[in-house]
Amino acid sequence: MSYGVVWFKRDLRLHDHAALNQALATGPVLCLYLIEPSLWAQPDASAQHYAFIKESLRELAGELKQCGGRLHVRTGEAVAVLDELFALAPFVSLHAHEETGNAASYTRDRAVACWCRQHQVRWQESAQFGVVRRLRNRDQWLSHWETHVRAPCHVLPGLQAAHFQPSPWRAQALPDVQALGLDAWVPPQRQIGGRSQGEAVLEDFLLDRCRNYRGGISSPLSAPTACSRLSAHLAYGTLSLREVVQATRPHIAHLKAQGKGQSAYAAQGLTAFLSRLHWHCHFIQKLESEPELEWRNVHRGYDDLREPDWNSAHFDALGQGRTGWPMVDACVAMLRETGWLNFRMRAMLVSVAAYPLWLHWREVGLWLAREFLDYEPGIHWSQLQMQSGTTGINSTRVYNPVKQAQDHDPHGVFVRRWLPALRRVPDTWLFEPWRMPESVQLACGVRVSVDAPAGAPDAWPLPRVDLAGATREAKTRLHARRAQPEVRAAKAAIVEKHASRQGRTVRRKPATAPSAQLSLDLS
C-alpha cells in the first residue's frame with residue numbers, strides 16, 4: 001500500500017498541522033523527525049535547543065502513541081535517511097512545513113528536493129507562518145499574512161492505527177549532546193519544551209499576564225512575566241502562529257466589551273502583542289527573500305566597515321559578561337542562566353557590540369543564537385543587521401547601557417540580582433562603578449581595576465573603552481559611510497525588497513520589472 005511521510009521539523013505539534021492533515025487525506029502516513037548531525041554541527045546550535053526539542057518530541061510521540069501511531073526519530077542526514085526508508089518501504093509523497101532556517105537547512109532542503117525528483121516522490125510543503133515563498137514584491141504581503149492567520153486551524157480527524165504506516169525500523173536511541181559535538185551547558189532556568197507547556201504559557205498570558213504587557217516589556221525586571229514568553233514555542237512549533245492569533249483576538253474583543261479601566265488597558269496590551277506577531281513574520285520574510293543576509297550585509301555598501309577591525313578581546317569580554325558596564329554584564333548573566341532576555345535588552349547587547357565595541361554582527365549573532373533558547377533565524381539575523389546599522393534603510397539605533405539601567409532598573413534591583421560583586425555598591429555608583437572613589441570601593445568591598453580576575457567576588461573590570469567617546473566615533477564612521485553617494489543610491493532597491501508597507505502609500509511598479517527574488521526554488 002502506498003503511503004506518505006510526514007517530516008516534522010520546527011512544527012512539533014499535531015494541532016493545526018497542515019502537512020499532517022494533507023498527508024492523511026491521501027492515505028496512511030509515517031511520522032518522521034530527523035536529528036541531522038550536520039545541522040547540529042553548525043555554529044548557531046546549542047544544547048539548550050536540543051533539550052527543548054527532545055522534550056517536545058517526547059510529548060509529541062506520546063500523543064501519536066495514544067492515536068495508535070508512532071513518531072520515528074532517526075539520527076542521520078536527511079537524504080541518507082530517506083534513501084534508507086525508501087529502500088525498506090517505498091513511499092509516494094513527502095509532506096512538511098516550509099522552513100526559513102539557516103544556510104545549512106537551506107542546502108539540506110535543496111538536496112531533499114533533488115532526491116524527491118530523482119525518486120518521483122511528490123514533496124508538498126505548507127506555510128508554517130505568514131511568510132510567502134517566492135514573494136515577488138512586498139505590496140500585498142500584509143494581506144497574505146492576514147489570509148494565513150484567519151484561515152481555520154487544521155483539526156485532525158479521529159486518528160486510529162489504520163491511519164499509520166507500519167514501522168520498518170526498530171526504535172533508535174537519541175544521541176547525547178557530546179555525540180552531536182555540542183557544549184553541554186544548558187541554562188538551569190530555561191523554559192521547558194512541549195505543547196502542554198506552550199498551551200499553559202498562552203493561557204496564563206491571555207487570562208492574566210497580558211495586563212502587564214503595556215509598560216512592562218521593556219524592563220528586565222518586569223519583562224519575564226509581562227512578555228508573552230511564547231517565542232520558544234513559536235520557534236519550535238509546539239504552538240502555531242495561527243492558533244495564537246485566533247486565541248488572542250477573542251480575548252481582545254472580550255476585554256474591550258468590559259469597558260474602561262484595567263480591561264481596556266489589557267486589551268491595548270494584547271493589540272500591541274498582535275502587532276508583534278505581524279512583525280515576527282515580517283522579519284522572517286526578509287531571510288526567506290534573501291537567505292544571504294545570514295552572513296553578509298543587506299546593504300553591500302557597508303562591507304568592510306567593521307570587519308577589518310575585529311577585536312577578539314572585546315568580543316570575549318562581551319561573551320563572558322566582563323565589559324565593565326553593569327547593565328550589559330547583568331543581561332549576559334541572566335541570559336546564561338535562563339536562555340532568555342526581553343527585546344530591549346537584546347537590542348542593547350547588539351548595540352553595545354556594534355558601536356562602542358565596534359564588533360561585526362556575524363560572530364556576535366552566532367554567540368547570541370546559541371544563548372537564545374528561542375533562536376529564530378529570520379528574526380535573529382534581520383535584527384542583528386538592523387541594530388548594527390547595515391541594512392541601509394533603518395535609522396541608527398544606539399542604546400546607552402548606563403541610561404538603560406537608569407530608565408529600566410532605577411533602584412539597581414536587576415543589576416544586584418545578577419552581579420553579586422556589586423551588591424554593596426551604593427546607587428550613586430552602581431551603574432558606573434569605574435567612577436567610584438577608592439574610599440567607596442574599600443567601604444563596599446569591591447576593587448575596580450583593569451586586571452580584575454574573572455569571577456572574583458571583590459573585583460570589577462574597568463570598561464575596555466570609553467563609552468561616550470567610542471560610541472561617538474562609531475556613529476561618525478557609520479554616518480560617513482552612509483553619506484557616500486553610491487551607498488545612498490543603493491537604498492531604494494532594499495526598501496522595495498524588504499521594507500514594510502504599513503503606513504506607506506504603495507506605488508505599483510510595472511509588471512515588466514518585478515523585484516528579484518532569492519529564495520528556495522523547489523519546483
# chains A, B, ... in the order shown; residues from 1 in each chain; ligands from 1
$ select_by_dssp --residues "stretch 77-301 of chain A" --states "strand (DSSP E)" --output "list in words"
Ser93, Leu94, His95, Ala96, His97, Arg122, Trp123, Gln124, Glu125 and Ser126 of chain A
$ residues_around --residues "A:Gln320" --least-positions-apart "5" --cutoff "9 Å" --atoms "only C-alpha atoms" --output "CSV table (one decimal) with N, CA and C atoms, in the first residue's frame"
chain,number,residue,atom,x,y,z
A,315,PHE,N,35.3,41.0,22.1
A,315,PHE,CA,34.2,40.0,21.9
A,315,PHE,C,34.2,39.1,23.1
A,329,ASP,N,26.5,43.5,31.6
A,329,ASP,CA,27.0,42.2,32.2
A,329,ASP,C,26.0,41.5,32.9
A,332,VAL,N,24.0,39.6,30.3
A,332,VAL,CA,24.7,38.4,29.9
A,332,VAL,C,24.5,37.3,31.0
A,333,ALA,N,24.6,37.7,32.2
A,333,ALA,CA,24.5,36.7,33.3
A,333,ALA,C,23.1,36.1,33.3
A,454,ALA,N,38.4,37.2,36.8
A,454,ALA,CA,37.1,36.8,36.5
A,454,ALA,C,36.5,36.0,37.6
$ residues_around --residues "stretch 22-25 of chain A" --least-positions-apart "2" --cutoff "9 Å" --atoms "only C-alpha atoms" --output "list in words"
Tyr3, Gly4, Val5, Val6, His17, Ala18, Ala19, Leu20, Gly27, Pro28, Val29, Ser93, Leu94, His95, Gln124, Leu156, Pro157, His163 and Phe164 of chain A
$ select_by_dssp --residues "stretch 148-219 of chain A" --states "helix (DSSP H, G or I)" --output "VMD selection string"
chain A and resid 148 to 150 161 to 163 195 to 207 209 to 212
$ residues_around --residues "stretch 362-365 of chain A" --least-positions-apart "3" --cutoff "8 Å" --atoms "only C-alpha atoms" --output "list in words"
Glu294, Trp295, Phe315, Val350, Ala353, Leu359, Leu368, Ala369, His380, Trp381 and Leu384 of chain A
$ atom_distance --atom1 "atom CA of A:Arg370" --atom2 "atom CA of A:Ser46"
5.1 Å
$ residues_around --residues "A:Asp407" --least-positions-apart "4" --cutoff "9 Å" --atoms "only C-alpha atoms" --output "list in words"
Ser219, Val402 and Lys403 of chain A
$ residues_around --residues "A:Gln160" --least-positions-apart "5" --cutoff "10 Å" --atoms "only C-alpha atoms" --output "list of chain:residue names"
A:Leu64, A:Lys65, A:Gln66, A:Cys67, A:Gly68, A:Gly69
$ write_last_selection --atoms "C-alpha atoms" --output "compact mmCIF listing (two decimals), in the first residue's frame"
# COMPACT_ATOMS: atom_id res chain seq x y z
CA LEU A 64 0.81 9.87 18.48
CA LYS A 65 1.03 6.70 20.54
CA GLN A 66 -2.38 7.42 22.05
CA CYS A 67 -3.75 7.55 18.48
CA GLY A 68 -2.17 4.24 17.50
CA GLY A 69 0.76 5.83 15.70
$ closest_residue --among "A:Pro291, A:Trp340, A:Ile252, A:Asp458" --to "A:Thr225" --atoms "only C-alpha atoms"
A:Trp340
$ residues_around --residues "A:Leu14" --least-positions-apart "2" --cutoff "10 Å" --atoms "only C-alpha atoms" --output "ChimeraX atom specification"
/A:8,11-12,16-21,60,63-64,154-156,195,237-240
$ atom_distance --atom1 "atom CA of A:Pro187" --atom2 "atom CA of A:Leu419"
16.8 Å
$ closest_residue --among "A:Gln441, A:Ser382, A:Asn342, A:Thr428" --to "A:Ser289" --atoms "only C-alpha atoms"
A:Ser382
